[in-house]
Amino acid sequence: MNKYAIEVQNLNLTYSFMNSMNIKSEILKMVQGRREHRKKEVHALRDVSFKIERGEVIGVIGGNGAGKSTLLKVLANIYDPDSGTVKVNDNSVFLMSLGAGFQHELPALDNIYLNGLLLGLTRKEVEDKINEIVEFSGIGECINNPLKSFSTGMKSRLAFSIACNIKPNILLIDEILGVGDEEFKVKSREKIRELILEDRTVVLVSHNLNTINELCHKVLWLQNGEVMSIGESSNVISEYKAFVNKNKENMA
Ligand SMILES: Nc1ncnc2c1ncn2[C@@H]1O[C@H](COP(=O)(O)OP(=O)(O)OP(=O)(O)O)[C@@H](O)[C@H]1O
């Protein structure tokens with residue numbers, strides 16, 4: 001069996017989108033026969049390479065817009081990169097992020113089945129886990145309500161409960177640990193620790209450096225889509241903090 005759960009090499013991804021239009025000025029330009037290119041590009045990932053061993057828990061840190069969520073979406077096969085290779089050596093991958101993998105018109109119960117089946121479980125296997133999932137998520141009788149009626153906190157609790165009880169081999173977590181009330185935050189950290197002890201591979205994106213330091217074996221620091229550093233958690237976090245402080249001084 002391959003020692004690595006995830007192998008990423010020279011990954012590049014650029015978002016292309018159109019600038020939002022101001023209807024008045026657009027009509028004026030049309031009347032005047034002027035044409036303008038409104039296409040914008042954001043290079044979200046630049047030549048990103050790293051490897052994650054099976055059973056490793058890796059934190060991904062970096063400022064706003066650094067490319068962290070984009071990276072998880074590429075690992076989850078939601079986005080195709082423009083160039084580079086991504087090898088995820090396991091079929092059982094779950095992206096835990098707000099909105100990912102949910103059908104909002106369907107009841108919560110159907111969403112549990114959907115995600116379980118997508119992760120390769122049989123209907124019976126999902127059925128056996130329903131009580132545990134509902135109990136852990138605390139959504140109680142709302143289980144038959146459509147997901148669109150759920151608050152952000154309830155959705156994240158449900159996503160977390162599904163992932164932790166169905167137990168994919170590779171779990172990608174995008175900032176979801178910070179959502180929910182204090183009691184749920186404590187419960188969810190405990191669950192993550194359990195998964196770590198069971199040797200699941202976890203990629204955890206968070207702005208909470210204490211959580212990252214506490215839970216992760218290794219940290220990957222992204223800045224403007226580039227890998228600035230990767231290595232032992234406390235070292236990389238110190239480098240990142242020094243960088244942030246230096247930037248603050250330069251701004252002052
Ligand atoms: N769907 C999209 N279309 C266009 N640009 C996007 C899209 N998604 C993200 N971006 C841009 O790509 C860059 C990386 O975004 P991404 O969400 O991956 O960063 P992040 O590190 O997760 O940020 P944050 O910590 O703020 O959540 C940003 O400049 C962002 O504005």
# chains A, B, ... in the order shown; residues from 1 in each chain; ligands from 1
call {"tool": "residues_near_ligand", "arguments": {"ligand": "ligand 1", "cutoff": "12 Å", "atoms": "only C-alpha atoms and all ligand atoms", "output": "MDAnalysis selection string"}}
result
chainID A and resid 12:20 39:46 60:74 78:79 97:98 173:176 204:208 220:227
call {"tool": "select_by_dssp", "arguments": {"residues": "segment 64-245 of chain A", "states": "alpha helix (DSSP H)", "output": "ChimeraX atom specification"}}
result
/A:68-75,108-118,123-137,152-166,182-197,209-215,233-245
call {"tool": "write_last_selection", "arguments": {"atoms": "C-alpha atoms", "output": "mmCIF file, in the first residue's frame"}}
result
data_model
loop_
_atom_site.group_PDB
_atom_site.id
_atom_site.type_symbol
_atom_site.label_atom_id
_atom_site.label_comp_id
_atom_site.auth_asym_id
_atom_site.auth_seq_id
_atom_site.Cartn_x
_atom_site.Cartn_y
_atom_site.Cartn_z
ATOM 1 C CA LYS A 68 -6.765 27.203 1.684
ATOM 2 C CA SER A 69 -10.402 26.440 0.756
ATOM 3 C CA THR A 70 -9.482 26.172 -2.912
ATOM 4 C CA LEU A 71 -6.850 23.584 -2.046
ATOM 5 C CA LEU A 72 -9.388 21.475 -0.112
ATOM 6 C CA LYS A 73 -11.828 21.665 -3.038
ATOM 7 C CA VAL A 74 -9.138 20.397 -5.390
ATOM 8 C CA LEU A 75 -8.292 17.562 -2.980
ATOM 9 C CA ALA A 108 -31.588 16.252 6.859
ATOM 10 C CA LEU A 109 -32.273 12.504 7.008
ATOM 11 C CA ASP A 110 -31.987 12.137 3.217
ATOM 12 C CA ASN A 111 -28.760 14.130 3.305
ATOM 13 C CA ILE A 112 -27.317 11.669 5.806
ATOM 14 C CA TYR A 113 -28.173 8.767 3.475
ATOM 15 C CA LEU A 114 -26.829 10.628 0.468
ATOM 16 C CA ASN A 115 -23.474 11.345 2.068
ATOM 17 C CA GLY A 116 -23.179 7.845 3.504
ATOM 18 C CA LEU A 117 -23.875 6.219 0.136
ATOM 19 C CA LEU A 118 -21.430 8.591 -1.576
ATOM 20 C CA ARG A 123 -28.080 1.610 3.080
ATOM 21 C CA LYS A 124 -28.045 -0.755 6.074
ATOM 22 C CA GLU A 125 -24.685 0.576 7.244
ATOM 23 C CA VAL A 126 -26.002 4.153 7.100
ATOM 24 C CA GLU A 127 -29.194 3.066 8.899
ATOM 25 C CA ASP A 128 -27.124 1.613 11.745
ATOM 26 C CA LYS A 129 -25.428 4.980 12.245
ATOM 27 C CA ILE A 130 -28.450 7.267 11.993
ATOM 28 C CA ASN A 131 -29.183 7.387 15.753
ATOM 29 C CA GLU A 132 -25.590 8.182 16.614
ATOM 30 C CA ILE A 133 -25.413 10.919 13.959
ATOM 31 C CA VAL A 134 -28.671 12.532 15.065
ATOM 32 C CA GLU A 135 -27.727 12.332 18.732
ATOM 33 C CA PHE A 136 -24.250 13.803 18.254
ATOM 34 C CA SER A 137 -25.512 16.610 16.031
ATOM 35 C CA THR A 152 -25.535 27.737 9.780
ATOM 36 C CA GLY A 153 -24.642 26.240 13.160
ATOM 37 C CA MET A 154 -27.098 23.353 12.736
ATOM 38 C CA LYS A 155 -25.771 22.573 9.248
ATOM 39 C CA SER A 156 -22.200 22.515 10.427
ATOM 40 C CA ARG A 157 -23.107 20.288 13.377
ATOM 41 C CA LEU A 158 -24.822 17.873 11.009
ATOM 42 C CA ALA A 159 -21.872 17.872 8.568
ATOM 43 C CA PHE A 160 -19.496 17.231 11.433
ATOM 44 C CA SER A 161 -21.628 14.409 12.877
ATOM 45 C CA ILE A 162 -21.958 12.684 9.498
ATOM 46 C CA ALA A 163 -18.228 12.813 8.848
ATOM 47 C CA CYS A 164 -17.185 11.696 12.306
ATOM 48 C CA ASN A 165 -19.625 8.796 12.498
ATOM 49 C CA ILE A 166 -19.246 7.553 8.938
ATOM 50 C CA GLU A 182 -18.976 26.072 23.183
ATOM 51 C CA GLU A 183 -20.356 22.654 24.137
ATOM 52 C CA PHE A 184 -20.314 21.511 20.523
ATOM 53 C CA LYS A 185 -16.804 22.885 19.981
ATOM 54 C CA VAL A 186 -15.525 20.788 22.884
ATOM 55 C CA LYS A 187 -17.404 17.701 21.644
ATOM 56 C CA SER A 188 -16.074 18.142 18.105
ATOM 57 C CA ARG A 189 -12.447 18.503 19.243
ATOM 58 C CA GLU A 190 -12.847 15.261 21.178
ATOM 59 C CA LYS A 191 -14.188 13.530 18.046
ATOM 60 C CA ILE A 192 -11.266 14.775 15.981
ATOM 61 C CA ARG A 193 -8.886 13.389 18.596
ATOM 62 C CA GLU A 194 -10.649 10.009 18.315
ATOM 63 C CA LEU A 195 -10.212 10.055 14.535
ATOM 64 C CA ILE A 196 -6.551 10.930 14.954
ATOM 65 C CA LEU A 197 -6.080 7.979 17.303
ATOM 66 C CA LEU A 209 -3.607 28.579 15.485
ATOM 67 C CA ASN A 210 -4.085 27.063 18.964
ATOM 68 C CA THR A 211 -6.433 24.410 17.560
ATOM 69 C CA ILE A 212 -4.020 23.708 14.708
ATOM 70 C CA ASN A 213 -1.063 23.439 17.077
ATOM 71 C CA GLU A 214 -2.994 21.193 19.446
ATOM 72 C CA LEU A 215 -4.363 18.769 16.828
ATOM 73 C CA SER A 233 3.461 22.494 13.598
ATOM 74 C CA SER A 234 5.003 24.808 16.201
ATOM 75 C CA ASN A 235 7.896 25.798 13.888
ATOM 76 C CA VAL A 236 5.631 26.710 10.970
ATOM 77 C CA ILE A 237 3.179 28.542 13.252
ATOM 78 C CA SER A 238 6.085 30.591 14.695
ATOM 79 C CA GLU A 239 7.285 31.472 11.193
ATOM 80 C CA TYR A 240 3.751 32.500 10.231
ATOM 81 C CA LYS A 241 3.289 34.631 13.368
ATOM 82 C CA ALA A 242 6.645 36.361 12.740
ATOM 83 C CA PHE A 243 5.536 37.099 9.161
ATOM 84 C CA VAL A 244 2.180 38.520 10.302
ATOM 85 C CA ASN A 245 3.853 40.698 12.969
#
call {"tool": "residues_around", "arguments": {"residues": "Gln9 of chain A", "least_positions_apart": "2", "cutoff": "12 Å", "atoms": "only C-alpha atoms", "output": "ChimeraX atom specification"}}
result
/A:6-7,11-12,45-52,75,81,83-88,227
call {"tool": "write_last_selection", "arguments": {"atoms": "N, CA and C atoms", "output": "mmCIF file, in the first residue's frame"}}
result
data_model
loop_
_atom_site.group_PDB
_atom_site.id
_atom_site.type_symbol
_atom_site.label_atom_id
_atom_site.label_comp_id
_atom_site.auth_asym_id
_atom_site.auth_seq_id
_atom_site.Cartn_x
_atom_site.Cartn_y
_atom_site.Cartn_z
ATOM 1 N N ILE A 6 -2.072 11.422 0.274
ATOM 2 C CA ILE A 6 -2.264 12.514 -0.694
ATOM 3 C C ILE A 6 -0.908 12.957 -1.242
ATOM 4 N N GLU A 7 -0.826 13.076 -2.583
ATOM 5 C CA GLU A 7 0.411 13.568 -3.211
ATOM 6 C C GLU A 7 0.031 14.672 -4.196
ATOM 7 N N LEU A 11 0.847 22.170 -8.413
ATOM 8 C CA LEU A 11 -0.564 22.480 -8.643
ATOM 9 C C LEU A 11 -0.784 23.967 -8.902
ATOM 10 N N ASN A 12 -1.516 24.260 -9.964
ATOM 11 C CA ASN A 12 -1.888 25.646 -10.271
ATOM 12 C C ASN A 12 -3.378 25.712 -10.536
ATOM 13 N N LEU A 45 -3.888 29.154 -6.616
ATOM 14 C CA LEU A 45 -2.855 28.198 -6.189
ATOM 15 C C LEU A 45 -1.693 28.282 -7.178
ATOM 16 N N ARG A 46 -0.484 28.425 -6.627
ATOM 17 C CA ARG A 46 0.701 28.612 -7.480
ATOM 18 C C ARG A 46 1.744 27.555 -7.172
ATOM 19 N N ASP A 47 1.891 26.644 -8.072
ATOM 20 C CA ASP A 47 2.970 25.665 -7.998
ATOM 21 C C ASP A 47 3.035 24.962 -6.623
ATOM 22 N N VAL A 48 1.886 24.546 -6.146
ATOM 23 C CA VAL A 48 1.805 23.938 -4.800
ATOM 24 C C VAL A 48 2.182 22.455 -4.859
ATOM 25 N N SER A 49 3.137 22.065 -4.024
ATOM 26 C CA SER A 49 3.545 20.654 -3.944
ATOM 27 C C SER A 49 3.673 20.242 -2.478
ATOM 28 N N PHE A 50 3.172 19.068 -2.146
ATOM 29 C CA PHE A 50 3.381 18.493 -0.804
ATOM 30 C C PHE A 50 2.860 17.058 -0.801
ATOM 31 N N LYS A 51 3.235 16.319 0.253
ATOM 32 C CA LYS A 51 2.735 14.950 0.411
ATOM 33 C C LYS A 51 2.234 14.760 1.834
ATOM 34 N N ILE A 52 1.175 14.006 1.981
ATOM 35 C CA ILE A 52 0.657 13.715 3.322
ATOM 36 C C ILE A 52 0.639 12.201 3.506
ATOM 37 N N LEU A 75 -8.530 18.892 -3.571
ATOM 38 C CA LEU A 75 -8.292 17.562 -2.980
ATOM 39 C C LEU A 75 -9.578 16.728 -2.980
ATOM 40 N N PRO A 81 -7.582 21.220 -11.251
ATOM 41 C CA PRO A 81 -6.518 22.233 -11.363
ATOM 42 C C PRO A 81 -6.243 22.560 -12.824
ATOM 43 N N SER A 83 -3.105 23.030 -13.926
ATOM 44 C CA SER A 83 -1.952 22.168 -14.202
ATOM 45 C C SER A 83 -1.480 21.550 -12.898
ATOM 46 N N GLY A 84 -0.618 20.553 -13.018
ATOM 47 C CA GLY A 84 -0.130 19.844 -11.837
ATOM 48 C C GLY A 84 -0.917 18.566 -11.602
ATOM 49 N N THR A 85 -0.453 17.785 -10.643
ATOM 50 C CA THR A 85 -1.142 16.516 -10.376
ATOM 51 C C THR A 85 -1.567 16.410 -8.917
ATOM 52 N N VAL A 86 -2.712 15.769 -8.729
ATOM 53 C CA VAL A 86 -3.224 15.501 -7.381
ATOM 54 C C VAL A 86 -3.527 14.024 -7.319
ATOM 55 N N LYS A 87 -2.848 13.326 -6.412
ATOM 56 C CA LYS A 87 -3.161 11.904 -6.239
ATOM 57 C C LYS A 87 -3.724 11.709 -4.844
ATOM 58 N N VAL A 88 -5.005 11.329 -4.787
ATOM 59 C CA VAL A 88 -5.606 11.013 -3.491
ATOM 60 C C VAL A 88 -5.788 9.502 -3.499
ATOM 61 N N VAL A 227 3.087 27.943 -1.362
ATOM 62 C CA VAL A 227 3.525 27.300 -0.114
ATOM 63 C C VAL A 227 4.705 28.102 0.432
#
call {"tool": "atom_distance", "arguments": {"atom1": "atom CA of Val219 of chain A", "atom2": "atom CA of Glu56 of chain A"}}
result
10.6 Å
call {"tool": "closest_residue", "arguments": {"among": "A:Asn250, A:Gln32, A:Asn169, A:Asn22", "to": "Ser92 of chain A", "atoms": "only C-alpha atoms"}}
result
A:Asn169
call {"tool": "residues_around", "arguments": {"residues": "Met1 of chain A", "least_positions_apart": "2", "cutoff": "12 Å", "atoms": "only C-alpha atoms", "output": "PyMOL selection string"}}
result
chain A and resi 3-5+53-54+89-90
call {"tool": "write_last_selection", "arguments": {"atoms": "C-alpha atoms", "output": "PDB file, in the first residue's frame"}}
result
ATOM      1  CA  LYS A   3       2.688   5.235   2.207  1.00  0.00           C
ATOM      2  CA  TYR A   4       1.078   8.508   1.147  1.00  0.00           C
ATOM      3  CA  ALA A   5      -2.633   9.345   1.360  1.00  0.00           C
ATOM      4  CA  GLU A  53       1.312  10.306   4.841  1.00  0.00           C
ATOM      5  CA  ARG A  54      -1.549   8.004   5.811  1.00  0.00           C
ATOM      6  CA  ASN A  89      -4.889   7.373  -2.804  1.00  0.00           C
ATOM      7  CA  ASP A  90      -8.236   6.483  -1.277  1.00  0.00           C
TER       8      ASP A  90
END
call {"tool": "decode", "arguments": {"residues": "segment 138-160 of chain A", "atoms": "N, CA and C atoms", "output": "tab-separated table (two decimals), in the first residue's frame"}}
result
chain	number	residue	atom	x	y	z
A	138	GLY	N	-27.29	16.81	17.67
A	138	GLY	CA	-28.23	17.54	18.50
A	138	GLY	C	-29.37	18.16	17.70
A	139	ILE	N	-29.60	17.69	16.47
A	139	ILE	CA	-30.66	18.33	15.67
A	139	ILE	C	-32.04	17.75	15.97
A	140	GLY	N	-32.07	16.66	16.73
A	140	GLY	CA	-33.32	16.09	17.24
A	140	GLY	C	-34.42	15.93	16.20
A	141	GLU	N	-35.57	16.52	16.52
A	141	GLU	CA	-36.74	16.31	15.66
A	141	GLU	C	-36.64	17.03	14.31
A	142	CYS	N	-35.65	17.89	14.18
A	142	CYS	CA	-35.50	18.62	12.90
A	142	CYS	C	-35.01	17.68	11.80
A	143	ILE	N	-34.73	16.44	12.14
A	143	ILE	CA	-34.17	15.48	11.19
A	143	ILE	C	-35.00	15.34	9.91
A	144	ASN	N	-36.32	15.58	10.03
A	144	ASN	CA	-37.16	15.45	8.83
A	144	ASN	C	-37.42	16.78	8.13
A	145	ASN	N	-36.83	17.84	8.65
A	145	ASN	CA	-37.02	19.16	8.02
A	145	ASN	C	-36.00	19.35	6.90
A	146	PRO	N	-36.40	20.14	5.86
A	146	PRO	CA	-35.43	20.38	4.79
A	146	PRO	C	-34.24	21.18	5.31
A	147	LEU	N	-33.09	20.91	4.76
A	147	LEU	CA	-31.86	21.52	5.23
A	147	LEU	C	-31.87	23.04	5.09
A	148	LYS	N	-32.65	23.52	4.10
A	148	LYS	CA	-32.67	24.98	3.90
A	148	LYS	C	-33.28	25.71	5.10
A	149	SER	N	-34.00	24.96	5.97
A	149	SER	CA	-34.57	25.60	7.16
A	149	SER	C	-33.60	25.59	8.34
A	150	PHE	N	-32.41	25.01	8.14
A	150	PHE	CA	-31.43	24.91	9.24
A	150	PHE	C	-30.58	26.17	9.34
A	151	SER	N	-30.17	26.50	10.57
A	151	SER	CA	-29.22	27.61	10.74
A	151	SER	C	-27.84	27.13	10.32
A	152	THR	N	-26.91	28.09	10.16
A	152	THR	CA	-25.54	27.74	9.78
A	152	THR	C	-24.93	26.78	10.81
A	153	GLY	N	-25.18	27.08	12.08
A	153	GLY	CA	-24.64	26.24	13.16
A	153	GLY	C	-25.18	24.82	13.07
A	154	MET	N	-26.50	24.69	12.82
A	154	MET	CA	-27.10	23.35	12.74
A	154	MET	C	-26.51	22.57	11.56
A	155	LYS	N	-26.33	23.27	10.42
A	155	LYS	CA	-25.77	22.57	9.25
A	155	LYS	C	-24.36	22.09	9.53
A	156	SER	N	-23.58	22.93	10.19
A	156	SER	CA	-22.20	22.51	10.43
A	156	SER	C	-22.15	21.37	11.44
A	157	ARG	N	-23.06	21.40	12.41
A	157	ARG	CA	-23.11	20.29	13.38
A	157	ARG	C	-23.46	18.98	12.67
A	158	LEU	N	-24.42	19.08	11.74
A	158	LEU	CA	-24.82	17.87	11.01
A	158	LEU	C	-23.66	17.35	10.15
A	159	ALA	N	-23.00	18.28	9.43
A	159	ALA	CA	-21.87	17.87	8.57
A	159	ALA	C	-20.79	17.19	9.40
A	160	PHE	N	-20.53	17.79	10.56
A	160	PHE	CA	-19.50	17.23	11.43
A	160	PHE	C	-19.89	15.84	11.93
